[in-house]
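*Asks:* Structure file input-v5.cif (mmCIF, C-alpha atoms (C1' of nucleotides)) right here:
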data_upload
#
loop_
_atom_site.label_atom_id
_atom_site.label_comp_id
_atom_site.auth_asym_id
_atom_site.auth_seq_id
_atom_site.Cartn_x
_atom_site.Cartn_y
_atom_site.Cartn_z
CA MET A 141 26.85 -52.42 63.57
CA ASP A 142 28.32 -48.99 63.00
CA MET A 143 28.28 -47.22 59.65
CA ASP A 144 31.61 -45.82 58.45
CA ALA A 145 31.86 -42.02 58.09
CA PHE A 146 28.13 -42.17 57.50
CA PHE A 147 27.33 -38.54 56.63
CA VAL A 148 30.32 -38.34 54.30
CA ASN A 149 29.49 -41.57 52.51
CA VAL A 150 25.84 -40.59 52.07
CA HIS A 151 27.06 -37.37 50.45
CA LEU A 152 29.28 -39.40 48.10
CA LEU A 153 26.31 -41.44 46.88
CA GLU A 154 24.95 -38.29 45.26
CA ASN A 155 28.30 -36.66 44.53
CA PRO A 156 30.62 -39.42 43.36
CA ASP A 157 33.06 -36.83 41.98
CA ASP A 158 33.99 -35.92 45.55
CA LYS A 159 35.37 -39.40 46.15
CA GLY A 160 39.02 -39.41 47.23
CA LYS A 161 38.96 -35.76 48.31
CA PRO A 162 39.47 -34.52 51.82
CA LEU A 163 35.81 -33.93 52.60
CA ALA A 164 33.79 -33.10 55.67
CA VAL A 165 30.14 -32.65 56.49
CA GLY A 166 29.44 -29.86 58.93
CA GLY A 167 28.95 -26.19 59.66
CA LYS A 168 29.51 -23.83 56.78
CA PRO A 169 32.87 -22.07 56.60
CA GLY A 170 32.89 -18.50 57.84
CA GLN A 171 30.02 -19.30 60.16
CA ARG A 172 30.24 -20.77 63.60
CA GLY A 173 30.14 -24.48 63.13
CA VAL A 174 31.82 -27.82 63.69
CA ILE A 175 32.66 -30.92 61.69
CA ALA A 176 30.03 -33.65 61.95
CA SER A 177 31.82 -36.28 59.89
CA ALA A 178 35.13 -36.36 58.06
CA SER A 179 36.28 -38.54 55.15
CA TYR A 180 39.28 -40.77 55.76
CA GLU A 181 41.36 -38.46 53.52
CA ALA A 182 40.41 -35.55 55.77
CA ARG A 183 41.18 -37.57 58.89
CA GLU A 184 44.69 -38.07 57.61
CA LYS A 185 45.10 -34.31 57.83
CA GLY A 186 44.07 -34.41 61.47
CA ILE A 187 40.45 -33.44 60.98
CA ARG A 188 38.08 -34.90 63.55
CA SER A 189 34.39 -34.63 64.22
CA ALA A 190 33.38 -31.93 66.71
CA MET A 191 36.33 -29.83 65.58
CA ALA A 192 35.56 -26.19 64.72
CA SER A 193 35.13 -25.84 60.95
CA SER A 194 37.48 -22.86 60.97
CA LYS A 195 40.20 -24.95 62.56
CA ALA A 196 39.62 -27.75 60.06
CA LEU A 197 40.11 -25.33 57.19
CA LYS A 198 43.36 -24.08 58.70
CA LEU A 199 44.62 -27.63 58.97
CA CYS A 200 43.55 -28.45 55.45
CA PRO A 201 42.78 -25.45 53.21
CA GLU A 202 41.71 -27.70 50.33
CA LEU A 203 39.07 -29.37 52.54
CA LYS A 204 35.70 -29.55 50.87
CA LEU A 205 33.05 -28.68 53.43
CA VAL A 206 29.46 -29.61 52.64
CA SER A 207 26.23 -29.56 54.60
CA SER A 208 24.33 -32.74 55.29
CA ASN A 209 21.35 -33.94 53.33
CA ARG A 210 19.07 -34.86 56.20
CA PRO A 211 16.25 -36.54 54.25
CA MET A 212 18.82 -38.65 52.39
CA ILE A 213 20.55 -39.57 55.65
CA ARG A 214 17.24 -40.58 57.18
CA SER A 215 16.26 -42.74 54.24
CA CYS A 216 19.66 -44.45 54.09
CA SER A 217 19.44 -45.10 57.82
CA THR A 218 16.00 -46.64 57.42
CA LYS A 219 17.25 -48.94 54.65
CA VAL A 220 20.13 -50.15 56.81
CA MET A 221 17.91 -50.70 59.84
CA ASP A 222 15.43 -52.65 57.71
CA ILE A 223 18.19 -54.95 56.57
CA LEU A 224 19.42 -55.50 60.13
CA SER A 225 15.96 -56.23 61.44
CA ARG A 226 15.73 -59.30 59.20
CA TYR A 227 18.41 -61.04 61.25
CA GLY A 228 17.31 -60.61 64.84
CA ILE A 229 16.01 -58.30 67.50
CA LEU A 230 17.13 -54.79 66.63
CA GLU A 231 17.96 -51.90 68.92
CA ARG A 232 18.55 -48.68 67.04
CA MET A 233 21.09 -46.50 68.86
CA SER A 234 21.31 -43.59 66.44
CA VAL A 235 21.04 -42.97 62.68
CA ASP A 236 24.18 -44.98 62.04
CA GLU A 237 24.47 -47.49 64.89
CA ALA A 238 22.45 -50.44 66.03
CA PHE A 239 22.63 -53.64 68.04
CA VAL A 240 21.25 -56.89 66.66
CA ASP A 241 20.84 -59.96 68.85
CA ILE A 242 21.91 -62.92 66.73
CA SER A 243 22.71 -65.19 69.67
CA SER A 244 20.28 -67.84 68.48
CA GLN A 245 21.95 -68.13 65.07
CA VAL A 246 24.08 -71.09 64.09
CA ASN A 247 27.23 -69.32 62.93
CA PRO A 248 27.20 -65.70 64.13
CA PRO A 249 30.59 -64.64 62.69
CA ALA A 250 29.64 -65.83 59.22
CA LEU A 251 26.27 -64.17 59.55
CA VAL A 252 27.77 -60.79 60.43
CA LYS A 253 29.92 -60.97 57.29
CA THR A 254 26.78 -61.66 55.27
CA ILE A 255 24.95 -58.77 56.92
CA LEU A 256 27.75 -56.27 56.24
CA LYS A 257 28.00 -57.45 52.62
CA ARG A 258 24.29 -57.08 52.21
CA ILE A 259 24.32 -53.54 53.58
CA LYS A 260 27.05 -52.69 51.08
CA ASN A 261 25.22 -54.30 48.17
CA GLU A 262 21.82 -52.82 48.88
CA THR A 263 22.82 -49.33 50.00
CA LYS A 264 26.34 -48.90 48.56
CA LEU A 265 27.41 -47.74 52.01
CA PRO A 266 30.29 -49.18 54.05
CA ALA A 267 29.72 -50.44 57.58
CA SER A 268 31.70 -52.12 60.34
CA GLY A 269 30.64 -54.81 62.75
CA GLY A 270 31.52 -55.97 66.23
CA LEU A 271 30.48 -59.37 67.51
CA SER A 272 30.58 -60.42 71.13
CA THR A 273 28.49 -61.60 74.06
CA SER A 274 27.51 -58.08 75.17
CA LYS A 275 26.51 -54.67 73.91
CA LEU A 276 29.40 -53.02 75.73
CA VAL A 277 32.08 -55.12 74.05
CA SER A 278 30.38 -55.28 70.64
CA LYS A 279 30.23 -51.52 70.44
CA ILE A 280 33.94 -51.20 71.09
CA ALA A 281 34.66 -54.06 68.70
CA SER A 282 32.66 -52.41 65.90
CA ASP A 283 35.01 -49.43 66.12
CA PHE A 284 38.17 -51.54 66.31
CA ASP A 285 38.89 -52.10 62.64
CA LYS A 286 37.20 -49.34 60.66
CA PRO A 287 36.34 -48.96 57.85
CA GLU A 288 34.55 -52.10 56.67
CA GLY A 289 35.94 -54.14 59.53
CA LEU A 290 34.57 -57.01 61.54
CA THR A 291 35.96 -57.75 64.97
CA VAL A 292 34.88 -60.90 66.76
CA VAL A 293 35.49 -61.20 70.49
CA LEU A 294 34.94 -64.78 71.52
CA PRO A 295 33.22 -65.65 74.79
CA GLU A 296 35.63 -65.62 77.77
CA THR A 297 38.12 -63.41 75.93
CA GLU A 298 36.41 -60.09 76.70
CA ILE A 299 38.84 -59.04 79.45
CA LYS A 300 41.82 -59.83 77.25
CA PHE A 301 40.35 -57.85 74.36
CA LEU A 302 39.64 -54.78 76.46
CA ALA A 303 42.87 -54.91 78.53
CA PRO A 304 45.11 -52.72 76.32
CA LEU A 305 42.38 -50.25 75.31
CA GLU A 306 42.14 -46.73 76.71
CA ILE A 307 39.37 -46.34 79.28
CA GLN A 308 37.71 -43.63 77.19
CA LYS A 309 36.77 -46.30 74.66
CA ILE A 310 34.21 -47.48 77.18
CA TYR A 311 30.72 -46.11 76.71
CA GLY A 312 30.00 -43.75 79.57
CA ILE A 313 33.62 -42.85 80.34
CA GLY A 314 34.15 -39.39 78.90
CA PRO A 315 36.85 -36.76 79.41
CA LYS A 316 35.97 -35.94 83.04
CA THR A 317 35.81 -39.51 84.32
CA ALA A 318 38.90 -40.44 82.32
CA SER A 319 40.86 -37.57 83.83
CA LEU A 320 39.81 -38.56 87.36
CA LEU A 321 40.89 -42.13 86.63
CA ASN A 322 44.15 -40.98 85.05
CA ASN A 323 44.96 -39.20 88.32
CA LEU A 324 44.79 -42.60 89.98
CA GLY A 325 47.18 -44.01 87.41
CA VAL A 326 44.40 -45.71 85.48
CA LYS A 327 44.91 -45.28 81.74
CA ILE A 328 43.85 -48.52 80.10
CA CYS A 329 41.20 -51.08 80.91
CA SER A 330 43.60 -53.52 82.57
CA ASP A 331 44.60 -50.75 85.03
CA LEU A 332 40.95 -50.35 85.94
CA VAL A 333 40.50 -54.09 86.38
CA SER A 334 43.46 -54.39 88.72
CA ILE A 335 43.14 -51.20 90.78
CA ASP A 336 42.05 -51.70 94.40
CA ILE A 337 38.37 -50.80 94.67
CA GLN A 338 39.16 -48.90 97.89
CA LYS A 339 41.02 -46.33 95.82
CA LEU A 340 38.01 -45.75 93.58
CA GLN A 341 35.40 -45.51 96.35
CA PRO A 342 36.24 -42.01 97.69
CA ILE A 343 35.87 -40.53 94.22
CA PHE A 344 33.27 -42.67 92.50
CA GLY A 345 31.30 -44.14 95.41
CA GLN A 346 28.67 -46.61 94.29
CA TYR A 347 29.72 -46.17 90.70
CA SER A 348 33.11 -47.85 91.43
CA ILE A 349 31.80 -51.38 91.04
CA ARG A 350 30.03 -50.63 87.79
CA LEU A 351 33.15 -48.90 86.52
CA LYS A 352 35.27 -51.97 87.21
CA ASN A 353 32.68 -54.24 85.63
CA LYS A 354 32.74 -52.18 82.46
CA ALA A 355 36.51 -52.66 82.17
CA LYS A 356 35.96 -56.40 82.51
CA GLY A 357 33.35 -56.32 79.78
CA ILE A 358 30.60 -57.32 82.17
CA ASP A 359 27.32 -56.06 80.77
CA ASP A 360 24.09 -58.04 80.86
CA ARG A 361 21.80 -55.45 79.29
CA PRO A 362 19.64 -57.16 76.68
CA VAL A 363 19.14 -55.81 73.19
CA ASP A 364 16.01 -53.73 73.64
CA PRO A 365 13.78 -53.34 70.59
CA SER A 366 11.18 -51.03 72.17
CA PRO A 367 10.47 -48.06 69.95
CA TRP A 368 12.10 -44.86 71.07
CA VAL A 369 9.82 -42.25 72.57
CA ALA A 370 11.22 -38.76 73.08
CA LYS A 371 11.04 -37.37 76.60
CA GLN A 372 11.99 -33.92 75.46
CA GLN A 373 11.92 -31.98 72.23
CA GLY A 374 13.96 -28.89 71.70
CA THR A 375 15.82 -26.73 69.27
CA GLU A 376 18.65 -24.26 69.64
CA ARG A 377 20.62 -21.87 67.51
CA THR A 378 24.05 -20.34 67.71
CA PHE A 379 23.84 -16.92 66.12
CA GLU A 380 26.28 -16.05 63.37
CA LYS A 381 27.16 -13.05 65.49
CA ASP A 382 26.18 -12.46 69.10
CA VAL A 383 22.88 -10.63 69.33
CA SER A 384 21.75 -8.04 71.86
CA ASP A 385 18.87 -6.23 70.17
CA PRO A 386 15.61 -7.18 71.95
CA SER A 387 13.58 -7.27 68.73
CA VAL A 388 16.08 -9.63 67.09
CA VAL A 389 16.17 -11.78 70.20
CA GLU A 390 12.38 -11.92 70.42
CA ASP A 391 12.04 -12.83 66.75
CA ALA A 392 14.54 -15.64 67.18
CA LEU A 393 12.75 -16.87 70.29
CA GLN A 394 9.45 -16.83 68.42
CA GLU A 395 10.98 -18.90 65.63
CA LEU A 396 12.42 -21.45 68.04
CA CYS A 397 9.05 -21.76 69.79
CA GLU A 398 7.37 -22.30 66.42
CA GLU A 399 9.74 -25.14 65.58
CA VAL A 400 9.23 -26.80 68.94
CA SER A 401 5.47 -26.38 68.68
CA ASP A 402 5.46 -27.86 65.18
CA SER A 403 7.51 -30.88 66.10
CA ILE A 404 5.64 -31.80 69.27
CA GLY A 405 2.38 -31.07 67.45
CA GLN A 406 3.35 -33.44 64.64
CA MET A 407 4.03 -36.14 67.19
CA GLY A 408 0.62 -35.44 68.65
CA ARG A 409 2.07 -34.48 71.96
CA SER A 410 2.01 -31.58 74.36
CA ALA A 411 4.26 -30.32 77.11
CA ARG A 412 4.02 -29.21 80.70
CA THR A 413 7.52 -27.76 81.00
CA VAL A 414 9.25 -25.16 78.85
CA THR A 415 13.01 -24.66 79.15
CA ILE A 416 15.07 -21.88 77.64
CA LYS A 417 18.80 -22.00 77.23
CA LEU A 418 21.07 -18.98 76.97
CA ARG A 419 24.74 -19.02 76.16
CA TRP A 420 26.77 -15.87 76.67
CA PRO A 421 29.78 -14.85 74.56
CA ASP A 422 32.14 -16.35 77.18
CA PHE A 423 30.41 -19.69 76.51
CA SER A 424 28.92 -19.95 79.99
CA THR A 425 25.42 -21.33 79.69
CA ILE A 426 22.28 -21.21 81.77
CA THR A 427 18.99 -23.06 81.49
CA ARG A 428 15.76 -21.87 83.05
CA GLN A 429 12.55 -23.85 83.07
CA ARG A 430 8.98 -23.43 84.11
CA THR A 431 6.28 -26.01 84.56
CA VAL A 432 2.76 -24.91 83.82
CA PRO A 433 -0.45 -26.35 85.28
CA GLY A 434 -1.87 -27.57 81.95
CA GLU A 435 -0.52 -29.15 78.80
CA ILE A 436 0.49 -26.81 76.00
CA ASN A 437 1.67 -27.22 72.42
CA ARG A 438 0.66 -24.08 70.54
CA THR A 439 3.41 -21.65 69.59
CA LYS A 440 1.56 -18.85 71.37
CA ASP A 441 1.49 -20.68 74.71
CA ILE A 442 5.08 -21.90 74.52
CA TYR A 443 6.27 -18.44 73.54
CA LYS A 444 4.48 -16.82 76.45
CA VAL A 445 6.37 -19.00 78.94
CA ALA A 446 9.66 -18.75 77.05
CA LYS A 447 9.44 -14.98 76.82
CA SER A 448 8.85 -14.51 80.52
CA LEU A 449 11.77 -16.83 81.29
CA LEU A 450 13.89 -14.79 78.90
CA TYR A 451 13.21 -11.45 80.52
CA GLU A 452 13.63 -12.83 84.02
CA ASN A 453 17.17 -13.80 83.05
CA TRP A 454 18.29 -11.34 80.43
CA LYS A 455 18.85 -7.62 80.51
CA SER A 456 18.31 -6.35 76.98
CA GLY A 457 21.55 -5.22 75.47
CA LYS A 458 23.55 -8.10 76.92
CA PRO A 459 24.95 -10.09 74.01
CA ILE A 460 23.68 -13.63 73.50
CA ARG A 461 25.63 -16.29 71.62
CA LEU A 462 23.09 -19.10 71.60
CA MET A 463 19.44 -19.42 72.42
CA GLY A 464 17.41 -22.60 72.77
CA VAL A 465 13.86 -23.66 73.60
CA SER A 466 12.77 -27.09 74.61
CA ALA A 467 9.58 -28.76 75.76
CA SER A 468 9.47 -31.59 78.25
CA ARG A 469 7.15 -33.53 80.56
CA LEU A 470 5.52 -34.56 77.33
CA GLY A 471 2.09 -36.07 77.34
CA VAL A 472 -0.27 -37.19 74.62
CA SER A 473 -2.20 -34.19 73.34
CA ASP A 474 -5.95 -34.13 72.67
CA GLN A 475 -5.36 -34.02 68.93
CA GLN A 476 -3.58 -37.34 69.09
CA LYS A 477 -6.76 -38.95 70.33
CA LEU A 478 -8.48 -37.95 67.06
CA PRO A 479 -7.86 -40.09 63.98
CA LEU A 480 -4.84 -38.92 62.01
CA GLU A 481 -5.26 -38.04 58.37
CA PHE A 482 -3.01 -39.44 55.72
CA GLU A 483 -2.88 -38.69 52.02
"C1'" DT B 55 41.21 -21.49 65.60
"C1'" DC B 56 37.14 -21.01 69.40
"C1'" DT B 57 33.95 -24.42 70.80
"C1'" DG B 58 26.78 -27.33 66.53
"C1'" DG B 59 22.57 -29.45 67.58
"C1'" DG B 60 19.94 -33.28 68.94
"C1'" DG B 61 19.26 -35.89 72.96
"C1'" DT B 62 19.60 -39.01 77.84
"C1'" DC B 63 20.54 -39.75 82.60
"C1'" DC B 64 22.13 -38.36 87.17
"C1'" DT B 65 22.60 -35.45 91.35
"C1'" DA B 66 21.42 -32.20 94.74
"C1'" DG B 67 18.59 -29.07 97.00
"C1'" DG B 68 14.13 -26.81 98.06
"C1'" DA B 69 9.06 -26.81 98.54
"C1'" DC B 70 5.43 -29.19 100.12
"C1'" DC B 71 2.63 -32.96 102.06
"C1'" DC B 72 1.35 -36.55 105.46
"C1'" DT C 19 19.22 -25.66 123.75
"C1'" DC C 20 14.59 -28.91 120.07
"C1'" DT C 21 13.41 -29.41 115.69
"C1'" DG C 22 11.60 -37.00 112.19
"C1'" DG C 23 11.12 -39.46 108.15
"C1'" DG C 24 9.35 -40.65 103.75
"C1'" DG C 25 7.63 -39.33 99.37
"C1'" DT C 26 6.70 -36.39 95.20
"C1'" DC C 27 7.41 -32.57 92.28
"C1'" DC C 28 10.26 -29.15 90.55
"C1'" DT C 29 14.65 -26.64 89.19
"C1'" DA C 30 19.61 -26.18 87.67
"C1'" DG C 31 23.69 -27.94 86.27
"C1'" DG C 32 26.80 -31.35 84.52
"C1'" DA C 33 28.56 -35.59 82.22
"C1'" DC C 34 28.01 -38.08 78.34
"C1'" DC C 35 26.64 -39.83 73.57
"C1'" DC C 36 26.11 -39.45 68.32
#
Once more with this new file: its structure as structure tokens, please.

*Replies:*
Amino acid sequence: MDMDAFFVNVHLLENPDDKGKPLAVGGKPGQRGVIASASYEAREKGIRSAMASSKALKLCPELKLVSSNRPMIRSCSTKVMDILSRYGILERMSVDEAFVDISSQVNPPALVKTILKRIKNETKLPASGGLSTSKLVSKIASDFDKPEGLTVVLPETEIKFLAPLEIQKIYGIGPKTASLLNNLGVKICSDLVSIDIQKLQPIFGQYSIRLKNKAKGIDDRPVDPSPWVAKQQGTERTFEKDVSDPSVVEDALQELCEEVSDSIGQMGRSARTVTIKLRWPDFSTITRQRTVPGEINRTKDIYKVAKSLLYENWKSGKPIRLMGVSASRLGVSDQQKLPLEFE
DNA sequence: TCTGGGGTCCTAGGACCC
DNA sequence: TCTGGGGTCCTAGGACCC
């Protein structure tokens, strides 16, 4: 199940007057930002997610750009996931995507229709579904007929379904891999199925077999309902304008450390490794990390590590475009072992 | 027209240990 | 004129996803 233009449609729940307009959720105009989600009217003008907001406005000056309502998005997502979980084992992939294993049901295609209708009735939000024997194929199928589509790929027809599709549709094949494959004359899934494995080996090695299997729709991963536990928690910020003043940089670093400390603290966790990320105006990016002997989660302790990493890698005066702080090698903190208080 | 912010997983090399 | 082999921990970068 994949929600259609999720951020945009959540916005429309609260702002029905914006319906029918070219609309996008994303970074504010004037500032450095990108489109997170575009309405279908905006997509007609060529606007895509991950596009710079400034470019989107050039393409479509009448575009209405709004920022996302995170709490609302979270609560809509929860409602949808609750509905899905009534029908089978649920694996939540992101706020707007999930797998549900309905293989034990009598009439899966009819059931998916019911599920999508129910999501629409109970949340007023449109969603699309993909039904097949695997996660790999279902995910592609859910995207096949948006919005409010349902694509069913019957058992044994997976290869035929995938054959004409571009290899980038496959989860895990991004721009780099696609370009390497294109160089071998592989553009669509059927090319990948038929290419001699010997030609893939020198470039992809062990990965060649898995790559071919993907194009055939072979994927035996089960739907995994285990709750998601973060391995890392971080935050980063692109400055409105590049900064070079040490006091501004230190204040920003302090703020980032506070946010990281708060969020791992809330989860009752603590970290052994602190990583900073620096992006220069030319967009080149470095990360530097340090692992400390004990577990830390207070702002003060995280900041101490982050600050030393900063000055080992930054000469004050050098402009910085983006700065980030993240905590990893997360363990359970002492506080977590105490009973939590609720209202 | 410059390119967000939240993540995961993988690779490769070095340090260190037995 | 040689200099193992396996394992763990750590660091940095890159590909990829939503």

*Asks:* Nearest residue to chain B out of A:Val388, A:Met233, A:Ile358, A:Val414, using all atoms listed in the file?

*Replies:*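 Ranking A:Val388, A:Met233, A:Ile358, A:Val414 by distance to chain B, first place goes to A:Met233.
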
*Asks:* Might you spell out which residues the PyMOL selection byres ((chain B) within 7 of (chain A)) would select in the displayed file, as a PyMOL selection string?

*Replies:* chain B and resi 55+57-59

*Asks:* Contacts of Asp382 of chain A at 9 Å or less, counting all atoms listed in the file, minus same-chain residues fewer than 3 places along, as a PyMOL selection string?

*Replies:* chain A and resi 378-379+420-421+459-462

*Asks:* Here is a test: counting only C-alpha atoms, which residue of A:Glu296, A:Val445, A:Glu380, A:Ser473 is nearest to Gly170 of chain A?

*Replies:*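 Comparing A:Glu296, A:Val445, A:Glu380, A:Ser473 against Gly170 of chain A, the winner is A:Glu380.
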
*Asks:* Can you measure atom CA of Ser278 of chain A to atom CA of Val293 of chain A for me? One decimal in Å is fine.

*Replies:*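 Calculated distance between atom CA of Ser278 of chain A and atom CA of Val293 of chain A is 7.8 Å.
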
*Asks:* One decimal, in Å: what's the spacing between atom C1' of DT26 of chain C and atom CA of Gly408 of chain A?

*Replies:*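 One can read the atom C1' of DT26 of chain C to atom CA of Gly408 of chain A distance as 27.3 Å.
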
*Asks:* Using the chain letters and numbers from the file, which residues does the PyMOL selection byres ((chain A and resi 464) around 10) grab, as a tab-separated table (two decimals) with C-alpha atoms, in the coordinates of the input?

*Replies:*
chain	number	residue	atom	x	y	z
A	374	GLY	CA	13.96	-28.89	71.70
A	375	THR	CA	15.82	-26.73	69.27
A	376	GLU	CA	18.65	-24.26	69.64
A	377	ARG	CA	20.62	-21.87	67.51
A	378	THR	CA	24.05	-20.34	67.71
A	392	ALA	CA	14.54	-15.64	67.18
A	393	LEU	CA	12.75	-16.87	70.29
A	396	LEU	CA	12.42	-21.45	68.04
A	397	CYS	CA	9.05	-21.76	69.79
A	400	VAL	CA	9.23	-26.80	68.94
A	415	THR	CA	13.01	-24.66	79.15
A	416	ILE	CA	15.07	-21.88	77.64
A	417	LYS	CA	18.80	-22.00	77.23
A	418	LEU	CA	21.07	-18.98	76.97
A	419	ARG	CA	24.74	-19.02	76.16
A	427	THR	CA	18.99	-23.06	81.49
A	446	ALA	CA	9.66	-18.75	77.05
A	462	LEU	CA	23.09	-19.10	71.60
A	463	MET	CA	19.44	-19.42	72.42
A	465	VAL	CA	13.86	-23.66	73.60
A	466	SER	CA	12.77	-27.09	74.61

*Asks:* Using Å and a single decimal, report how far atom CA of Lys444 of chain A sits from atom CA of Leu470 of chain A.

*Replies:*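 One can read the atom CA of Leu470 of chain A to atom CA of Lys444 of chain A distance as 17.8 Å.
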
*Asks:* For Thr439 of chain A, list every protein, DNA or RNA residue within 6 Å, evaluated using only C-alpha atoms (C1' of nucleotides), and leave out those in the same chain fewer than 2 positions away; present the list as a VMD selection string.

*Replies:* chain A and resid 397 to 398 401 441 to 443

*Asks:* Compile the contact shell of segment 255-264 of chain A as an MDAnalysis selection string: residues with an atom at most 12 Å away, counting all atoms listed in the file, same-chain residues fewer than 5 positions apart removed.

*Replies:* chainID A and resid 141:144 146 149:154 156 212:213 215:228 240 242 248:250 269:271 282 287:290

*Asks:* Given the PyMOL selection byres ((chain B and resi 68) around 10) and the file above, list the residues it selects as an NGL selection string.

*Replies:* (:B and (66-67 or 69-70)) or (:C and (28-29))

*Asks:* Can you tell me, as an MDAnalysis selection string, which residues sit within 9 Å of (3.6, -28.7, 80.5) in the file's frame, using only C-alpha atoms (C1' of nucleotides)?

*Replies:* chainID A and resid 410:414 430:437 467:471

*Asks:* With C-alpha atoms retained, write the just-selected residues as a compact mmCIF listing (two decimals), in the frame of the given file.

*Replies:*
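Okay, this is what ended up in result06.txt:
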# COMPACT_ATOMS: atom_id res chain seq x y z
CA SER A 410 2.01 -31.58 74.36
CA ALA A 411 4.26 -30.32 77.11
CA ARG A 412 4.02 -29.21 80.70
CA THR A 413 7.52 -27.76 81.00
CA VAL A 414 9.25 -25.16 78.85
CA ARG A 430 8.98 -23.43 84.11
CA THR A 431 6.28 -26.01 84.56
CA VAL A 432 2.76 -24.91 83.82
CA PRO A 433 -0.45 -26.35 85.28
CA GLY A 434 -1.87 -27.57 81.95
CA GLU A 435 -0.52 -29.15 78.80
CA ILE A 436 0.49 -26.81 76.00
CA ASN A 437 1.67 -27.22 72.42
CA ALA A 467 9.58 -28.76 75.76
CA SER A 468 9.47 -31.59 78.25
CA ARG A 469 7.15 -33.53 80.56
CA LEU A 470 5.52 -34.56 77.33
CA GLY A 471 2.09 -36.07 77.34
